[in-house]
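Quick notes on the structure that follows.
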Amino acid sequence: MPKRKAAIAVGGVAALGAAALLLPQANASQDGGARGGASTARTLKADDAGDLAARLSKLLGDAFAGSYYDSANRQLVVNVTDVSGDNNVIVQAKKAGAEVREVDNSTAELQAAARTLRTKATIPGTAWAVDPRTNKILVTADSTVTGTRWDRLESTVDGLGSGMATIKKSAGTFKTFVSGGDAIFGGGARCSLGFNVTAGDGSPAFLTAGHCGVAAEQWSDAQNGAPIATVDQATFPGNGDFALVKYDDPNTQAPSDVNVGGGQSVQILQAAEATVGQQVFRMGSTTGLHDGQVLGLDATVNYPEGTVTGLIQTDVCAEPGDSGGSLFTQDGSAVGLTSGGSGDCTSGGETFFQPVTTALAATGATLGDAGAGGGQQAGGDEQAGDGQQAGGDQQAGDGQQAGGDQIGGGQEAGAGTGDGSDGSGAADDPSGADASNGQAPGTGHASGTGNAGRSGRSGLTDTH
């Protein structure tokens with residue numbers, strides 16, 4: 001069995017296992033009734049809980065101190081503070097259907113603490129985000145933060161005051177995970193397509209990670225193939241990690257779905273804000289389909305390439321090759337684009353995502369199908385090749401998308417100028433060559449989970 005086919009076979013099994021978790025629940029009924037009278041809080045889907053949290057944030061004003069989704073009881077828990085004996089705040093939140101708890105740290109205090117961390121502890125290999133479940137800031141340091149840098153971080157956290165922040169040590173190294181679902185290639189780099197969108201001028205496009213967008217200007221869906229898309233906008237580092245890439249052919253079909261393996265796909269119906277405690281799924285070509293929970297919002301990550309703000313922190317695993325890939329929910333909500341993190345899908349770790357809502361607002365794009373539409377691409381009734389798309393349309397090339405022989409196929413070049421052993425180098429070296437042993441997926445368009453390019457080397461090895 002060829003090396004690439006063997007890797008694909010194992011990756012396909014992993015993806016199908018996660019798909020079994022995802023797909024049977026996709027149409028599950030989740031009513032709004034109370035559960036057994038145990039609580040007056042409403043039973044909600046995660047997306048509905050996010051909408052309620054946004055409304056309560058405006059309603060409660062300064063008393064609102066964050067919220068999270070209790071997935072076990074399917075309820076929204078709202079933190080309140082500074083009620084000053086006025087029970088009206090709690091009454092309003094409960095009347096709206098939330099479970100309410102009083103906490104010590106206000107939103108303003110937590111934000112001030114985060115600003116202090118930004119000023120005094122912007123150290124490569126660190127990250128922080130507000131964790132509403134503990135009503136504290138969760139500070140994470142990777143394995144490179146040692147010696148005087150660790151002392152500096154610990155001293156800064158201690159200076160925030162008791163009960164304001166906690167430190168967690170990560171065994172891995174924070175780096176961008178360049179590559180992902182349906183592979184695309186540019187300038188010797190490889191990444192993941194996140195979601196197909198319609199650009200502000202009505203042309204078909206896709207979103208991917210910003211560090212992919214700055215790695216190369218043009219992208220192909222086949223290694224060393226002709227370009228099919230050109231970067232329109234890219235942000236990295238700074239206020240996000242996202243890029244808008246427009247298809248060169250204005251008649252390109254850009255279906256709004258995510259391939260999840262085994263010929264299955266999840267239709268993407270809308271973009272949604274992440275909610276702490278929410279179950280989410282990530283698709284990537286290196287590791288296939290994996291799920292986990294949202295741990296924190298508005299996260300700041302100090303990559304070797306620079307600081308990125310406004311990210312989503314999760315415990316969903318990812319590995320080099322997954323950058324730009326899709327983070328979504330079982331009911332078809334687009335949530336994020338894979339940015340980076342530490343660890344892998346064997347030992348676990350932390351992964352950060354660019355919120356899709358922020359990327360859409362910044363680029364002026366809208367989620368959904370664009371271009372010719374329908375089951376076939378413009379320019380022919382069928383595409384060449386023997387591989388099939390998740391929806392049944394044929395694509396060029398010898399591989400299947402959506403968790404078939406694309407998942408985990410071959411080696412990829414990493415993001416960074418490191419020596420290829422740890423992937424922690426800067427992302428400004430475009431010289432790293434893709435080391436894939438297999439053919440790229442066909443020339444048909446990705447169905448929402450493809451890869452976008454990468455620069456440099458991060459020691460990417462064969463995975464699942």
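We label chains A, B, ... in the order they appear in the structure tokens, count residues from 1 in each chain, and number ligands from 1 in the order shown.
The list of residues with at least one atom within 7 Å of Lys168 of chain A, based on only C-alpha atoms and without residues fewer than 5 positions apart in the same chain, reads Val139, Thr140 and Ala141 of chain A.
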Requested in this report: Extract the full set of strand (DSSP E or B) residues from segment 78-280 of chain A according to DSSP on the backbone, and format it as a VMD selection string.
Outcome: chain A and resid 78 to 80 99 to 102 126 to 131 136 to 141 165 to 169 175 to 176 178 182 to 186 189 to 198 204 to 208 218 to 220 229 to 235 238 242 to 247 257 to 261 264 to 267 270 to 271 279 to 280
Requested in this report: Using DSSP on the backbone coordinates, identify the residues of segment 129-286 of chain A assigned to helix (DSSP H, G or I); present them as number ranges by chain.
Outcome: A: 147-159, 210-213
Atoms to include: N, CA and C atoms. Write the selected residues as a short mmCIF file (atom, residue, chain, number, x, y, z; two decimals), in the first residue's frame.
```
data_model
loop_
_atom_site.label_atom_id
_atom_site.label_comp_id
_atom_site.auth_asym_id
_atom_site.auth_seq_id
_atom_site.Cartn_x
_atom_site.Cartn_y
_atom_site.Cartn_z
N GLY A 147 12.78 30.09 32.86
CA GLY A 147 13.75 31.02 33.43
C GLY A 147 13.18 32.38 33.73
N THR A 148 13.88 33.43 33.29
CA THR A 148 13.46 34.79 33.60
C THR A 148 12.13 35.14 32.95
N ARG A 149 11.83 34.52 31.82
CA ARG A 149 10.54 34.81 31.16
C ARG A 149 9.38 34.24 31.98
N TRP A 150 9.58 33.04 32.54
CA TRP A 150 8.55 32.48 33.41
C TRP A 150 8.41 33.32 34.67
N ASP A 151 9.52 33.75 35.24
CA ASP A 151 9.47 34.59 36.44
C ASP A 151 8.71 35.89 36.16
N ARG A 152 8.97 36.47 35.01
CA ARG A 152 8.28 37.71 34.63
C ARG A 152 6.78 37.49 34.49
N LEU A 153 6.40 36.39 33.86
CA LEU A 153 4.98 36.09 33.68
C LEU A 153 4.31 35.85 35.02
N GLU A 154 4.94 35.03 35.85
CA GLU A 154 4.37 34.69 37.15
C GLU A 154 4.24 35.94 38.03
N SER A 155 5.24 36.80 37.99
CA SER A 155 5.20 38.03 38.77
C SER A 155 4.07 38.94 38.30
N THR A 156 3.87 39.01 36.99
CA THR A 156 2.79 39.85 36.45
C THR A 156 1.42 39.33 36.88
N VAL A 157 1.26 38.01 36.82
CA VAL A 157 -0.02 37.41 37.23
C VAL A 157 -0.25 37.65 38.72
N ASP A 158 0.78 37.46 39.53
CA ASP A 158 0.63 37.70 40.97
C ASP A 158 0.25 39.15 41.24
N GLY A 159 0.80 40.06 40.44
CA GLY A 159 0.52 41.48 40.62
C GLY A 159 -0.90 41.88 40.28
N GLY A 210 -4.94 34.19 8.16
CA GLY A 210 -4.17 35.32 7.67
C GLY A 210 -2.71 34.98 7.46
N HIS A 211 -2.14 34.12 8.32
CA HIS A 211 -0.74 33.78 8.12
C HIS A 211 -0.53 32.95 6.87
N CYS A 212 -1.61 32.36 6.36
CA CYS A 212 -1.56 31.70 5.05
C CYS A 212 -1.62 32.76 3.95
N GLY A 213 -2.48 33.76 4.14
CA GLY A 213 -2.66 34.81 3.14
C GLY A 213 -1.42 35.66 2.93
#
```
Requested in this report: Counting only C-alpha atoms, figure out which residue out of A:Val294, A:Cys191, A:Ala274, A:Ile268 gets nearest to Pro320 of chain A.
Outcome: A:Cys191
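Contact shell of Ala96 of chain A at 10 Å (only C-alpha atoms; same-chain neighbours under 4 positions omitted): Ala41, Arg42, Leu52, Ala53, Arg55, Leu56, Ile90, Val91 and Gln92 of chain A.
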Output of the above residues as a PDB file, in the first residue's frame, restricted to N, CA, C and O atoms:
```pdb
ATOM      1  N   ALA A  41     -34.232  27.991  34.553  1.00  0.00           N
ATOM      2  CA  ALA A  41     -33.528  28.412  33.346  1.00  0.00           C
ATOM      3  C   ALA A  41     -34.025  27.615  32.147  1.00  0.00           C
ATOM      4  O   ALA A  41     -34.376  26.434  32.252  1.00  0.00           O
ATOM      5  N   ARG A  42     -34.063  28.276  30.996  1.00  0.00           N
ATOM      6  CA  ARG A  42     -34.530  27.643  29.782  1.00  0.00           C
ATOM      7  C   ARG A  42     -33.503  26.653  29.259  1.00  0.00           C
ATOM      8  O   ARG A  42     -32.306  26.816  29.432  1.00  0.00           O
ATOM      9  N   LEU A  52     -28.824  34.768  23.393  1.00  0.00           N
ATOM     10  CA  LEU A  52     -29.361  35.261  24.657  1.00  0.00           C
ATOM     11  C   LEU A  52     -28.277  35.991  25.446  1.00  0.00           C
ATOM     12  O   LEU A  52     -28.540  37.042  26.057  1.00  0.00           O
ATOM     13  N   ALA A  53     -27.060  35.463  25.429  1.00  0.00           N
ATOM     14  CA  ALA A  53     -25.958  36.115  26.143  1.00  0.00           C
ATOM     15  C   ALA A  53     -25.704  37.508  25.582  1.00  0.00           C
ATOM     16  O   ALA A  53     -25.458  38.457  26.337  1.00  0.00           O
ATOM     17  N   ARG A  55     -27.873  39.487  24.163  1.00  0.00           N
ATOM     18  CA  ARG A  55     -28.973  40.372  24.583  1.00  0.00           C
ATOM     19  C   ARG A  55     -28.831  40.767  26.050  1.00  0.00           C
ATOM     20  O   ARG A  55     -29.036  41.927  26.419  1.00  0.00           O
ATOM     21  N   LEU A  56     -28.456  39.788  26.881  1.00  0.00           N
ATOM     22  CA  LEU A  56     -28.323  40.078  28.307  1.00  0.00           C
ATOM     23  C   LEU A  56     -27.135  40.983  28.590  1.00  0.00           C
ATOM     24  O   LEU A  56     -27.168  41.779  29.532  1.00  0.00           O
ATOM     25  N   ILE A  90     -30.779  40.524  38.731  1.00  0.00           N
ATOM     26  CA  ILE A  90     -30.896  39.068  38.743  1.00  0.00           C
ATOM     27  C   ILE A  90     -32.269  38.643  38.230  1.00  0.00           C
ATOM     28  O   ILE A  90     -32.394  37.678  37.470  1.00  0.00           O
ATOM     29  N   VAL A  91     -33.294  39.352  38.625  1.00  0.00           N
ATOM     30  CA  VAL A  91     -34.653  39.041  38.179  1.00  0.00           C
ATOM     31  C   VAL A  91     -34.747  39.120  36.664  1.00  0.00           C
ATOM     32  O   VAL A  91     -35.338  38.245  36.015  1.00  0.00           O
ATOM     33  N   GLN A  92     -34.159  40.175  36.089  1.00  0.00           N
ATOM     34  CA  GLN A  92     -34.219  40.347  34.634  1.00  0.00           C
ATOM     35  C   GLN A  92     -33.527  39.193  33.912  1.00  0.00           C
ATOM     36  O   GLN A  92     -34.046  38.674  32.911  1.00  0.00           O
TER      37      GLN A  92
END
```
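With only C-alpha atoms as the atoms that count, the minimum distance from Thr235 of chain A to the choices A:Val301, A:Ala112, A:Val308, A:Val280 is reached by A:Val308.
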Requested in this report: May I have the residues within 12 Å of Asn88 of chain A as number ranges by chain, using only C-alpha atoms and disregarding those fewer than 5 positions away in the same chain?
Outcome: A: 59-60, 63, 80, 82-83, 93-95
Requested in this report: Compare A:Val77, A:Ala189, A:Thr116, A:Ala205 by their minimum atom-to-atom distance to Gly161 of chain A, counting only C-alpha atoms, and give me the closest one.
Outcome: A:Thr116
Requested in this report: Find the spatial neighbours of segment 351-364 of chain A, counting only C-alpha atoms, within a cut-off of 8 Å - ignore same-chain residues fewer than 2 positions away - and output them as a ChimeraX atom specification.
Outcome: /A:199-200,207,209,233,240-244,271-274,299,310-318,327,334-342,349,366-367
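If you measure from each of A:Thr300, A:Thr329, A:Asn87, A:Thr144 to Gln111 of chain A using only C-alpha atoms, the closest one turns out to be A:Thr300.
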Report task. Please measure the separation of atom CA of Asn224 of chain A and atom CA of Gln264 of chain A, giving the value in Å to one decimal. Result -> 28.1 Å
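Taking atom CA of Ala254 of chain A as the reference point, atom CA of Gln267 of chain A is found at 12.3 Å.
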